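Text of run34.json, listed as JSON, C-alpha atoms:
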```json
[["chain", "number", "residue", "atom", "x", "y", "z"],
["T", 14, "MET", "CA", -15.74, 127.69, 103.01],
["T", 15, "PRO", "CA", -14.78, 124.05, 103.48],
["T", 16, "LYS", "CA", -16.60, 122.14, 106.18],
["T", 17, "TYR", "CA", -13.70, 119.82, 106.99],
["T", 18, "TYR", "CA", -10.07, 120.73, 107.56],
["T", 19, "TRP", "CA", -7.03, 118.60, 108.39],
["T", 20, "GLU", "CA", -7.75, 119.01, 112.11],
["T", 21, "ASP", "CA", -11.13, 117.26, 111.71],
["T", 22, "PHE", "CA", -9.71, 113.87, 110.70],
["T", 23, "LYS", "CA", -8.91, 112.03, 113.93],
["T", 24, "PRO", "CA", -7.09, 108.67, 113.91],
["T", 25, "GLY", "CA", -9.49, 105.77, 114.36],
["T", 26, "THR", "CA", -12.48, 107.59, 112.86],
["T", 27, "VAL", "CA", -14.58, 105.26, 110.68],
["T", 28, "ALA", "CA", -17.21, 106.45, 108.19],
["T", 29, "VAL", "CA", -19.20, 104.72, 105.44],
["T", 30, "TYR", "CA", -20.13, 106.48, 102.19],
["T", 31, "GLY", "CA", -22.54, 105.40, 99.46],
["T", 32, "PRO", "CA", -24.25, 103.22, 98.38],
["T", 33, "ARG", "CA", -23.87, 103.57, 94.65],
["T", 34, "LEU", "CA", -25.32, 101.13, 92.12],
["T", 35, "VAL", "CA", -22.74, 100.07, 89.51],
["T", 36, "THR", "CA", -24.41, 99.19, 86.21],
["T", 37, "ARG", "CA", -23.25, 96.93, 83.41],
["T", 38, "GLU", "CA", -23.46, 99.93, 81.10],
["T", 39, "GLU", "CA", -20.94, 101.98, 83.07],
["T", 40, "ILE", "CA", -18.57, 99.01, 83.56],
["T", 41, "VAL", "CA", -18.46, 98.46, 79.80],
["T", 42, "ALA", "CA", -18.21, 102.20, 79.01],
["T", 43, "PHE", "CA", -15.21, 102.68, 81.31],
["T", 44, "ALA", "CA", -13.53, 99.55, 79.94],
["T", 45, "ALA", "CA", -14.12, 100.57, 76.32],
["T", 46, "GLU", "CA", -12.36, 103.86, 76.99],
["T", 47, "PHE", "CA", -9.57, 102.90, 79.39],
["T", 48, "ASP", "CA", -9.22, 99.12, 79.83],
["T", 49, "PRO", "CA", -10.65, 97.28, 76.80],
["T", 50, "GLN", "CA", -9.87, 93.73, 77.92],
["T", 51, "PRO", "CA", -12.51, 91.02, 77.25],
["T", 52, "MET", "CA", -13.06, 90.37, 80.98],
["T", 53, "HIS", "CA", -14.41, 93.93, 81.36],
["T", 54, "LEU", "CA", -16.37, 94.12, 78.09],
["T", 55, "ASP", "CA", -18.24, 90.97, 77.27],
["T", 56, "GLU", "CA", -19.93, 88.30, 79.42],
["T", 57, "ALA", "CA", -19.11, 85.33, 77.20],
["T", 58, "ALA", "CA", -15.44, 86.26, 76.83],
["T", 59, "ALA", "CA", -15.22, 87.17, 80.53],
["T", 60, "SER", "CA", -16.55, 83.78, 81.65],
["T", 61, "ALA", "CA", -13.45, 82.13, 80.16],
["T", 62, "THR", "CA", -11.08, 84.35, 82.17],
["T", 63, "MET", "CA", -9.88, 84.26, 85.76],
["T", 64, "LEU", "CA", -12.58, 86.79, 86.67],
["T", 65, "GLY", "CA", -15.16, 84.10, 85.87],
["T", 66, "GLY", "CA", -17.59, 86.62, 84.41],
["T", 67, "LEU", "CA", -17.90, 90.28, 83.55],
["T", 68, "GLY", "CA", -16.24, 92.48, 86.16],
["T", 69, "ALA", "CA", -15.20, 96.12, 86.36],
["T", 70, "SER", "CA", -11.66, 97.24, 85.59],
["T", 71, "GLY", "CA", -9.66, 97.63, 88.78],
["T", 72, "TRP", "CA", -8.96, 101.24, 87.76],
["T", 73, "HIS", "CA", -12.69, 101.77, 87.41],
["T", 74, "ILE", "CA", -13.11, 100.57, 91.01],
["T", 75, "CYS", "CA", -10.52, 103.16, 92.06],
["T", 76, "CYS", "CA", -12.38, 105.88, 90.14],
["T", 77, "LEU", "CA", -15.75, 104.88, 91.65],
["T", 78, "MET", "CA", -14.16, 104.98, 95.09],
["T", 79, "MET", "CA", -12.84, 108.47, 94.35],
["T", 80, "ARG", "CA", -16.29, 109.66, 93.31],
["T", 81, "ILE", "CA", -17.98, 108.17, 96.37],
["T", 82, "ILE", "CA", -15.51, 109.78, 98.79],
["T", 83, "SER", "CA", -15.68, 113.03, 96.79],
["T", 84, "ASP", "CA", -19.42, 113.22, 97.38],
["T", 85, "GLY", "CA", -18.91, 111.86, 100.90],
["T", 86, "TYR", "CA", -16.46, 114.47, 102.23],
["T", 87, "VAL", "CA", -13.67, 115.49, 99.85],
["T", 88, "LEU", "CA", -15.68, 118.20, 98.07],
["T", 89, "ASP", "CA", -16.68, 119.66, 101.46],
["T", 90, "SER", "CA", -13.08, 119.68, 102.66],
["T", 91, "SER", "CA", -9.91, 121.72, 102.27],
["T", 92, "SER", "CA", -8.47, 118.90, 100.09],
["T", 93, "MET", "CA", -5.19, 119.73, 98.36],
["T", 94, "GLY", "CA", -5.03, 116.42, 96.47],
["T", 95, "GLY", "CA", -2.87, 113.45, 97.24],
["T", 96, "PRO", "CA", 0.76, 112.51, 96.57],
["T", 97, "GLY", "CA", -0.08, 108.89, 95.78],
["T", 98, "ILE", "CA", -1.40, 105.52, 96.86],
["T", 99, "GLU", "CA", 0.58, 103.30, 99.22],
["T", 100, "GLU", "CA", -1.18, 100.12, 98.14],
["T", 101, "ALA", "CA", -4.36, 98.96, 96.41],
["T", 102, "ARG", "CA", -5.52, 95.35, 96.38],
["T", 103, "TRP", "CA", -8.24, 94.05, 94.09],
["T", 104, "LEU", "CA", -9.73, 91.27, 96.21],
["T", 105, "ALA", "CA", -13.00, 90.30, 94.51],
["T", 106, "PRO", "CA", -14.65, 91.07, 91.15],
["T", 107, "LEU", "CA", -17.05, 94.02, 90.97],
["T", 108, "ARG", "CA", -20.05, 92.61, 89.10],
["T", 109, "PRO", "CA", -22.76, 94.57, 87.29],
["T", 110, "GLY", "CA", -25.72, 95.42, 89.51],
["T", 111, "THR", "CA", -23.71, 95.63, 92.74],
["T", 112, "HIS", "CA", -24.39, 98.38, 95.26],
["T", 113, "ILE", "CA", -21.00, 99.48, 96.56],
["T", 114, "ARG", "CA", -20.07, 101.52, 99.62],
["T", 115, "VAL", "CA", -16.75, 102.86, 100.82],
["T", 116, "ARG", "CA", -15.68, 102.44, 104.44],
["T", 117, "SER", "CA", -12.95, 104.89, 105.39],
["T", 118, "THR", "CA", -10.72, 104.61, 108.45],
["T", 119, "VAL", "CA", -8.33, 107.37, 109.45],
["T", 120, "LEU", "CA", -5.03, 105.58, 110.14],
["T", 121, "GLU", "CA", -2.78, 108.47, 111.08],
["T", 122, "THR", "CA", -2.43, 112.18, 110.74],
["T", 123, "ARG", "CA", 0.55, 114.52, 110.81],
["T", 124, "ALA", "CA", 1.44, 118.13, 110.10],
["T", 125, "SER", "CA", 3.45, 118.87, 106.98],
["T", 126, "ASN", "CA", 7.16, 119.38, 107.51],
["T", 127, "SER", "CA", 7.41, 121.84, 104.66],
["T", 128, "ARG", "CA", 4.07, 123.69, 104.70],
["T", 129, "PRO", "CA", 2.57, 125.11, 107.90],
["T", 130, "ASP", "CA", -0.79, 125.57, 106.15],
["T", 131, "MET", "CA", -1.08, 121.86, 105.29],
["T", 132, "GLY", "CA", -1.53, 118.53, 107.05],
["T", 133, "LEU", "CA", -1.41, 114.94, 105.86],
["T", 134, "THR", "CA", -3.93, 112.24, 106.68],
["T", 135, "LYS", "CA", -3.50, 108.56, 105.93],
["T", 136, "PHE", "CA", -6.67, 106.59, 105.19],
["T", 137, "LEU", "CA", -7.66, 102.99, 104.64],
["T", 138, "PHE", "CA", -10.51, 102.79, 102.15],
["T", 139, "GLU", "CA", -12.43, 99.54, 101.75],
["T", 140, "VAL", "CA", -14.80, 99.20, 98.79],
["T", 141, "LEU", "CA", -17.60, 96.94, 99.99],
["T", 142, "GLY", "CA", -20.10, 95.02, 97.88],
["T", 143, "GLU", "CA", -23.28, 93.21, 98.88],
["T", 144, "ALA", "CA", -23.03, 91.51, 102.32],
["T", 145, "ASP", "CA", -19.92, 93.62, 103.02],
["T", 146, "THR", "CA", -17.72, 91.61, 100.65],
["T", 147, "ARG", "CA", -14.42, 93.46, 100.35],
["T", 148, "ILE", "CA", -13.87, 94.23, 96.66],
["T", 149, "MET", "CA", -10.85, 96.49, 97.11],
["T", 150, "THR", "CA", -8.71, 97.85, 99.91],
["T", 151, "LEU", "CA", -6.57, 100.92, 99.38],
["T", 152, "THR", "CA", -4.30, 102.95, 101.63],
["T", 153, "THR", "CA", -3.46, 106.51, 100.71],
["T", 154, "THR", "CA", -2.34, 109.80, 102.16],
["T", 155, "GLN", "CA", -4.37, 112.91, 101.38],
["T", 156, "MET", "CA", -3.31, 116.52, 101.86],
["T", 157, "PHE", "CA", -5.64, 119.02, 103.53],
["T", 158, "GLY", "CA", -5.43, 122.67, 104.37],
["T", 159, "ARG", "CA", -5.31, 123.40, 108.11],
["T", 160, "ARG", "CA", -7.98, 125.41, 109.88],
["T", 161, "LYS", "CA", -5.20, 127.31, 111.60],
["T", 162, "ALA", "CA", -1.77, 127.30, 110.05],
["T", 163, "GLY", "CA", 0.59, 125.90, 112.66],
["T", 164, "ALA", "CA", 4.32, 126.02, 112.99],
["T", 165, "ALA", "CA", 6.03, 123.62, 110.63],
["T", 166, "ALA", "CA", 6.38, 120.36, 112.53],
["Z", 14, "MET", "CA", 2.67, 86.97, 73.13],
["Z", 15, "THR", "CA", 5.43, 85.99, 75.51],
["Z", 16, "PHE", "CA", 4.78, 83.39, 78.14],
["Z", 17, "PHE", "CA", 5.94, 83.73, 81.74],
["Z", 18, "GLU", "CA", 9.17, 81.82, 80.94],
["Z", 19, "ASP", "CA", 10.08, 84.34, 78.22],
["Z", 20, "ILE", "CA", 9.87, 87.37, 80.48],
["Z", 21, "ARG", "CA", 13.12, 88.74, 81.89],
["Z", 22, "VAL", "CA", 13.68, 91.25, 84.65],
["Z", 23, "GLY", "CA", 14.77, 94.43, 82.90],
["Z", 24, "ASP", "CA", 12.51, 93.98, 79.84],
["Z", 25, "THR", "CA", 11.17, 97.45, 79.07],
["Z", 26, "PHE", "CA", 8.15, 98.48, 77.00],
["Z", 27, "ALA", "CA", 7.54, 101.91, 75.50],
["Z", 28, "LEU", "CA", 3.76, 102.09, 75.49],
["Z", 29, "GLY", "CA", 3.14, 105.33, 73.63],
["Z", 30, "ARG", "CA", 1.91, 108.76, 74.64],
["Z", 31, "HIS", "CA", -1.23, 110.62, 75.55],
["Z", 32, "THR", "CA", -1.94, 114.36, 75.41],
["Z", 33, "PHE", "CA", -4.34, 115.73, 78.02],
["Z", 34, "THR", "CA", -6.74, 118.38, 76.72],
["Z", 35, "ALA", "CA", -8.80, 120.71, 78.92],
["Z", 36, "GLN", "CA", -11.96, 119.03, 77.66],
["Z", 37, "ASP", "CA", -10.66, 115.51, 78.50],
["Z", 38, "ILE", "CA", -9.52, 116.60, 81.94],
["Z", 39, "LYS", "CA", -12.89, 118.18, 82.82],
["Z", 40, "VAL", "CA", -15.01, 115.33, 81.43],
["Z", 41, "PHE", "CA", -13.03, 112.75, 83.41],
["Z", 42, "ALA", "CA", -13.13, 114.89, 86.56],
["Z", 43, "ALA", "CA", -16.90, 115.44, 86.29],
["Z", 44, "ARG", "CA", -17.39, 111.66, 86.30],
["Z", 45, "PHE", "CA", -14.94, 110.59, 88.98],
["Z", 46, "ASP", "CA", -12.96, 113.33, 90.71],
["Z", 47, "PRO", "CA", -14.83, 116.65, 90.64],
["Z", 48, "GLN", "CA", -12.41, 118.66, 92.77],
["Z", 49, "ARG", "CA", -12.16, 122.30, 91.73],
["Z", 50, "PHE", "CA", -8.58, 122.06, 90.46],
["Z", 51, "HIS", "CA", -9.67, 119.36, 87.97],
["Z", 52, "MET", "CA", -12.91, 121.09, 86.88],
["Z", 53, "ASP", "CA", -12.41, 124.78, 86.26],
["Z", 54, "GLU", "CA", -9.48, 126.95, 85.08],
["Z", 55, "ALA", "CA", -10.30, 129.99, 87.23],
["Z", 56, "GLU", "CA", -10.86, 127.92, 90.38],
["Z", 57, "ALA", "CA", -7.68, 125.92, 89.74],
["Z", 58, "ALA", "CA", -5.68, 129.15, 89.37],
["Z", 59, "ARG", "CA", -6.56, 129.99, 92.98],
["Z", 60, "THR", "CA", -5.19, 126.69, 94.34],
["Z", 61, "HIS", "CA", -1.61, 125.54, 95.00],
["Z", 62, "PHE", "CA", -1.69, 123.80, 91.58],
["Z", 63, "GLY", "CA", -1.93, 127.21, 89.87],
["Z", 64, "ALA", "CA", -3.77, 125.91, 86.80],
["Z", 65, "LEU", "CA", -6.21, 123.23, 85.66],
["Z", 66, "CYS", "CA", -4.65, 119.78, 86.06],
["Z", 67, "ALA", "CA", -5.76, 116.19, 85.43],
["Z", 68, "SER", "CA", -7.04, 113.87, 88.14],
["Z", 69, "GLY", "CA", -4.28, 111.45, 89.11],
["Z", 70, "TRP", "CA", -6.72, 108.64, 88.32],
["Z", 71, "HIS", "CA", -6.97, 110.01, 84.78],
["Z", 72, "THR", "CA", -3.18, 109.87, 84.43],
["Z", 73, "ALA", "CA", -3.27, 106.26, 85.63],
["Z", 74, "ALA", "CA", -6.22, 105.26, 83.40],
["Z", 75, "ALA", "CA", -4.41, 106.63, 80.34],
["Z", 76, "TRP", "CA", -1.49, 104.26, 81.16],
["Z", 77, "MET", "CA", -3.90, 101.32, 81.34],
["Z", 78, "ARG", "CA", -5.34, 102.10, 77.90],
["Z", 79, "LEU", "CA", -1.88, 102.30, 76.32],
["Z", 80, "MET", "CA", -0.80, 99.08, 78.07],
["Z", 81, "VAL", "CA", -3.86, 97.21, 76.75],
["Z", 82, "ASP", "CA", -3.26, 98.53, 73.22],
["Z", 83, "HIS", "CA", 0.43, 97.57, 73.44],
["Z", 84, "HIS", "CA", -0.47, 94.07, 74.58],
["Z", 85, "ARG", "CA", -3.02, 93.67, 71.80],
["Z", 86, "HIS", "CA", -0.39, 94.60, 69.19],
["Z", 87, "MET", "CA", 1.96, 91.97, 70.61],
["Z", 88, "VAL", "CA", -0.82, 89.35, 70.56],
["Z", 89, "ASP", "CA", -1.75, 90.20, 66.96],
["Z", 90, "ALA", "CA", 1.90, 89.95, 65.89],
["Z", 91, "ALA", "CA", 2.29, 86.55, 67.59],
["Z", 92, "LEU", "CA", -0.89, 85.23, 65.98],
["Z", 93, "ALA", "CA", 0.30, 86.50, 62.59],
["Z", 94, "ARG", "CA", 3.49, 84.46, 63.05],
["Z", 95, "GLY", "CA", 1.41, 81.42, 63.95],
["Z", 96, "GLU", "CA", 2.71, 81.40, 67.53],
["Z", 97, "PRO", "CA", 0.68, 80.45, 70.59],
["Z", 98, "VAL", "CA", -0.55, 83.27, 72.75],
["Z", 99, "ALA", "CA", -0.20, 83.31, 76.53],
["Z", 100, "SER", "CA", -3.21, 84.44, 78.48],
["Z", 101, "ILE", "CA", -2.79, 87.08, 81.13],
["Z", 102, "GLY", "CA", -4.89, 87.26, 84.21],
["Z", 103, "PRO", "CA", -6.22, 90.18, 86.15],
["Z", 104, "ALA", "CA", -3.83, 92.28, 88.18],
["Z", 105, "LEU", "CA", -3.73, 91.81, 91.94],
["Z", 106, "GLY", "CA", -3.45, 95.53, 92.55],
["Z", 107, "PHE", "CA", -0.72, 98.14, 92.65],
["Z", 108, "ARG", "CA", 1.53, 99.80, 95.19],
["Z", 109, "GLU", "CA", 3.89, 102.73, 95.67],
["Z", 110, "LEU", "CA", 1.86, 104.81, 93.25],
["Z", 111, "LYS", "CA", 3.27, 108.35, 93.26],
["Z", 112, "TRP", "CA", 1.82, 111.39, 91.53],
["Z", 113, "LEU", "CA", 5.05, 113.35, 91.38],
["Z", 114, "LYS", "CA", 4.04, 116.35, 89.26],
["Z", 115, "PRO", "CA", 0.68, 117.75, 88.16],
["Z", 116, "VAL", "CA", -0.41, 116.99, 84.58],
["Z", 117, "TYR", "CA", -1.51, 120.31, 83.11],
["Z", 118, "VAL", "CA", -3.59, 121.10, 80.01],
["Z", 119, "GLY", "CA", -1.63, 120.27, 76.87],
["Z", 120, "ASP", "CA", 0.93, 118.06, 78.60],
["Z", 121, "THR", "CA", 1.96, 114.99, 76.61],
["Z", 122, "ILE", "CA", 2.85, 112.00, 78.77],
["Z", 123, "ASP", "CA", 5.07, 109.17, 77.50],
["Z", 124, "TYR", "CA", 4.42, 105.90, 79.30],
["Z", 125, "PHE", "CA", 6.88, 103.08, 79.97],
["Z", 126, "SER", "CA", 6.78, 99.81, 81.89],
["Z", 127, "GLU", "CA", 9.73, 97.69, 83.04],
["Z", 128, "VAL", "CA", 9.72, 94.17, 84.46],
["Z", 129, "VAL", "CA", 11.19, 94.28, 87.98],
["Z", 130, "GLU", "CA", 10.31, 90.84, 89.38],
["Z", 131, "THR", "CA", 9.01, 87.44, 88.25],
["Z", 132, "ARG", "CA", 7.92, 84.53, 90.43],
["Z", 133, "VAL", "CA", 5.76, 81.44, 90.09],
["Z", 134, "SER", "CA", 2.25, 81.57, 91.49],
["Z", 135, "ASN", "CA", 1.56, 79.39, 94.51],
["Z", 136, "SER", "CA", -2.19, 79.61, 94.06],
["Z", 137, "ARG", "CA", -2.36, 79.06, 90.29],
["Z", 138, "PRO", "CA", 0.23, 76.53, 89.07],
["Z", 139, "GLY", "CA", -0.38, 77.34, 85.39],
["Z", 140, "PHE", "CA", 0.62, 80.95, 85.92],
["Z", 141, "GLY", "CA", 3.49, 83.11, 87.02],
["Z", 142, "LEU", "CA", 3.39, 86.56, 88.53],
["Z", 143, "MET", "CA", 5.06, 89.48, 86.80],
["Z", 144, "THR", "CA", 5.72, 92.73, 88.65],
["Z", 145, "ILE", "CA", 6.33, 95.83, 86.56],
["Z", 146, "ARG", "CA", 7.26, 99.40, 87.39],
["Z", 147, "SER", "CA", 5.36, 101.82, 85.20],
["Z", 148, "ALA", "CA", 6.05, 105.49, 84.73],
["Z", 149, "GLY", "CA", 4.78, 108.47, 82.78],
["Z", 150, "LEU", "CA", 7.09, 111.33, 81.75],
["Z", 151, "ASN", "CA", 5.98, 114.75, 80.54],
["Z", 152, "GLN", "CA", 7.45, 116.64, 77.58],
["Z", 153, "LYS", "CA", 10.09, 118.16, 79.90],
["Z", 154, "GLY", "CA", 11.27, 114.68, 80.87],
["Z", 155, "GLU", "CA", 9.82, 114.95, 84.38],
["Z", 156, "THR", "CA", 8.24, 111.82, 85.85],
["Z", 157, "VAL", "CA", 4.61, 112.61, 86.66],
["Z", 158, "ILE", "CA", 3.45, 109.15, 87.77],
["Z", 159, "SER", "CA", 5.18, 105.97, 88.91],
["Z", 160, "PHE", "CA", 3.83, 102.72, 90.37],
["Z", 161, "LEU", "CA", 4.37, 98.99, 90.76],
["Z", 162, "SER", "CA", 1.77, 96.41, 89.70],
["Z", 163, "THR", "CA", 1.60, 92.63, 89.64],
["Z", 164, "THR", "CA", -0.25, 90.53, 87.05],
["Z", 165, "PHE", "CA", -0.75, 86.82, 86.31],
["Z", 166, "VAL", "CA", 0.96, 85.57, 83.11],
["Z", 167, "GLU", "CA", 0.40, 82.05, 81.76],
["Z", 168, "ARG", "CA", 3.31, 79.58, 81.93],
["Z", 169, "ARG", "CA", 4.41, 77.70, 78.86],
["Z", 170, "GLN", "CA", 3.56, 74.44, 80.49],
["Z", 171, "GLU", "CA", 2.31, 73.39, 83.84],
["Z", 172, "LYS", "CA", 4.82, 71.63, 86.03],
["Z", 173, "PRO", "CA", 3.76, 68.03, 86.83]]
```
Hey, can you dump this file as structure tokens for me?
Amino acid sequence: MPKYYWEDFKPGTVAVYGPRLVTREEIVAFAAEFDPQPMHLDEAAASATMLGGLGASGWHICCLMMRIISDGYVLDSSSMGGPGIEEARWLAPLRPGTHIRVRSTVLETRASNSRPDMGLTKFLFEVLGEADTRIMTLTTTQMFGRRKAGAAA
Amino acid sequence: MTFFEDIRVGDTFALGRHTFTAQDIKVFAARFDPQRFHMDEAEAARTHFGALCASGWHTAAAWMRLMVDHHRHMVDAALARGEPVASIGPALGFRELKWLKPVYVGDTIDYFSEVVETRVSNSRPGFGLMTIRSAGLNQKGETVISFLSTTFVERRQEKP
């Protein structure tokens, strides 16, 4: 049975998940498979780019965030997936050897109009590096099963 | 490769296609998004998805790979013609990303990107900013993913 249902995510709730060490090896492995641009693959080539040195693919940062929140609460929840991402901003490079954490803030929550067994929760996720540098911010709505199916709102 | 000045709103790129196998879907999910509907056929059958389906991040990452390959082909062709090549910077992020339909085992997704806005960069005078809308369509013609993203593209020459 899931530990967390839609009802458990209250607006204003803040939680921090992680840390996770991001290695050079995994940055390069992700890039080689999904985003083989020099700035994600090779230090010398990366130093000549706007990133100013080797940094993770922005999509890799998204995936690492997903894994951290999965281990943090999603896998213990009644998650039904998500319809999308409102906005993601890549604010600072994610360098090899950084310990990252994810700070989540519940922004709002509402019952589903179409499904009485489901609710929607909007989150702000901030991927934080050393000294709380914000590497990425992302807002998204996730769908969760309800502990008690309510009337359609 | 085209410089910022060569890019027109409405320019569209067909990036190619990717087929999602059960093995691919599970390997990706085990690394990044190990929810039951991305990891196991029997578990997925008991959810509202009804069958094993790819992580939305996997659907997005497959677009990125095809976009990078497409760009590399354009760069190689420009170099072969002896033309200068514009550098592109990192993306600032993305917005309005919608996962509209699940991507199931065996689905083949065709990816496209279209230029929707261009503007000069205030922070980096040698660059412009290009916003594209990207989409992936399955073999039934249904859009499974759509999003907007903005990237730096080098200008042909810096304004004095």
Item checked: Nearest residue to chain Z from the set T:Ala57, T:Met131, T:Leu88, T:Ala124 (distances using only C-alpha atoms) -> T:Leu88
Next item on the list: Enter the distance from CA of Thr152 (chain T) to CA of Ser68 (chain Z), in Å, rounded to one decimal.
Entry: 17.6 Å
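The space between CA of Asp21 (chain T) and CA of Asp53 (chain Z) spans 26.6 Å.
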Next item on the list: Just need the residues of chain T within 9 Å of chain Z, counting all atoms listed in the file, so spit them out as a VMD selection string.
Entry: chain T and resid 44 46 to 50 52 62 to 64 70 to 73 75 to 81 83 to 84 87 to 88 92 to 104 149
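CA of Glu56 (chain Z) sits 28.5 Å away from CA of Lys23 (chain T).
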Next item on the list: Please identify all polymer residues within 6 Å of region 143-151 of chain Z, counting all atoms listed in the file, omitting same-chain residues fewer than 4 positions from it, and present them as a ChimeraX atom specification.
Entry: /Z:121-131,155-164
Checklist line | Neighbour list for Phe16 (chain Z) as an MDAnalysis selection string, cut-off 6 Å, only C-alpha atoms, skip fewer than 5 positions in-chain | finding: chainID Z and resid 99 167:169
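Ranking T:Gly85, T:Tyr30, T:Gly163, T:Arg114 by their shortest atom-to-atom distance to Glu143 (chain T), with only C-alpha atoms included, puts T:Arg114 first.
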Checklist line | Shell of 8 Å around Phe140 (chain Z), only C-alpha atoms, local chain residues under 2 positions omitted, as a list in words | finding: Phe17, Val133, Ser134, Arg137, Pro138, Leu142, Phe165, Val166, Glu167 and Arg168 of chain Z
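Summary of the local environment: counting only C-alpha atoms, residues at most 8 Å from Ala28 (chain T), other than itself and those fewer than 6 positions away along its chain, are Arg116, Ser117 and Thr118 of chain T.
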Item checked: Sel. within 12 Å of pt (-14.5, 119.6, 78.4), counting all atoms listed in the file, output as number ranges by chain -> Z: 33-44, 51-54, 65, 67, 118
Notebook entry, point to check: Between T:Ser91, T:Arg108, T:Asp55, T:Thr36, which is the closest to Arg160 (chain T) once you count only C-alpha atoms?
Noted result: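 Of all the options, T:Ser91 lies closest to Arg160 (chain T).
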Complete the atom set of region 145-159 of chain T to N, CA and C atoms and return it as a PDB file, in the frame of the given file.
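Final output, out13.pdb:
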```
ATOM      1  N   ASP T 145     -21.218  93.123 102.552  1.00  0.00           N
ATOM      2  CA  ASP T 145     -19.920  93.620 103.020  1.00  0.00           C
ATOM      3  C   ASP T 145     -18.712  92.882 102.455  1.00  0.00           C
ATOM      4  N   THR T 146     -18.870  92.199 101.324  1.00  0.00           N
ATOM      5  CA  THR T 146     -17.720  91.610 100.650  1.00  0.00           C
ATOM      6  C   THR T 146     -16.706  92.706 100.338  1.00  0.00           C
ATOM      7  N   ARG T 147     -15.442  92.452 100.667  1.00  0.00           N
ATOM      8  CA  ARG T 147     -14.420  93.460 100.350  1.00  0.00           C
ATOM      9  C   ARG T 147     -13.958  93.279  98.904  1.00  0.00           C
ATOM     10  N   ILE T 148     -14.231  94.265  98.087  1.00  0.00           N
ATOM     11  CA  ILE T 148     -13.870  94.230  96.660  1.00  0.00           C
ATOM     12  C   ILE T 148     -12.479  94.814  96.465  1.00  0.00           C
ATOM     13  N   MET T 149     -12.172  95.863  97.201  1.00  0.00           N
ATOM     14  CA  MET T 149     -10.850  96.490  97.110  1.00  0.00           C
ATOM     15  C   MET T 149     -10.501  97.112  98.441  1.00  0.00           C
ATOM     16  N   THR T 150      -9.212  97.043  98.792  1.00  0.00           N
ATOM     17  CA  THR T 150      -8.710  97.850  99.910  1.00  0.00           C
ATOM     18  C   THR T 150      -7.616  98.749  99.350  1.00  0.00           C
ATOM     19  N   LEU T 151      -7.527  99.940  99.904  1.00  0.00           N
ATOM     20  CA  LEU T 151      -6.570 100.920  99.380  1.00  0.00           C
ATOM     21  C   LEU T 151      -6.113 101.806 100.529  1.00  0.00           C
ATOM     22  N   THR T 152      -4.808 102.001 100.643  1.00  0.00           N
ATOM     23  CA  THR T 152      -4.300 102.950 101.630  1.00  0.00           C
ATOM     24  C   THR T 152      -3.644 104.117 100.913  1.00  0.00           C
ATOM     25  N   THR T 153      -3.941 105.305 101.384  1.00  0.00           N
ATOM     26  CA  THR T 153      -3.460 106.510 100.710  1.00  0.00           C
ATOM     27  C   THR T 153      -3.325 107.648 101.700  1.00  0.00           C
ATOM     28  N   THR T 154      -2.493 108.597 101.358  1.00  0.00           N
ATOM     29  CA  THR T 154      -2.340 109.800 102.160  1.00  0.00           C
ATOM     30  C   THR T 154      -2.917 110.968 101.378  1.00  0.00           C
ATOM     31  N   GLN T 155      -3.791 111.727 102.020  1.00  0.00           N
ATOM     32  CA  GLN T 155      -4.370 112.910 101.380  1.00  0.00           C
ATOM     33  C   GLN T 155      -3.866 114.166 102.086  1.00  0.00           C
ATOM     34  N   MET T 156      -3.772 115.243 101.318  1.00  0.00           N
ATOM     35  CA  MET T 156      -3.310 116.520 101.860  1.00  0.00           C
ATOM     36  C   MET T 156      -4.509 117.437 102.074  1.00  0.00           C
ATOM     37  N   PHE T 157      -4.548 118.085 103.221  1.00  0.00           N
ATOM     38  CA  PHE T 157      -5.640 119.020 103.530  1.00  0.00           C
ATOM     39  C   PHE T 157      -5.061 120.334 104.055  1.00  0.00           C
ATOM     40  N   GLY T 158      -5.757 121.402 103.744  1.00  0.00           N
ATOM     41  CA  GLY T 158      -5.430 122.670 104.370  1.00  0.00           C
ATOM     42  C   GLY T 158      -5.801 122.625 105.845  1.00  0.00           C
ATOM     43  N   ARG T 159      -5.041 123.359 106.670  1.00  0.00           N
ATOM     44  CA  ARG T 159      -5.310 123.400 108.110  1.00  0.00           C
ATOM     45  C   ARG T 159      -6.246 124.559 108.426  1.00  0.00           C
TER      46      ARG T 159
END
```
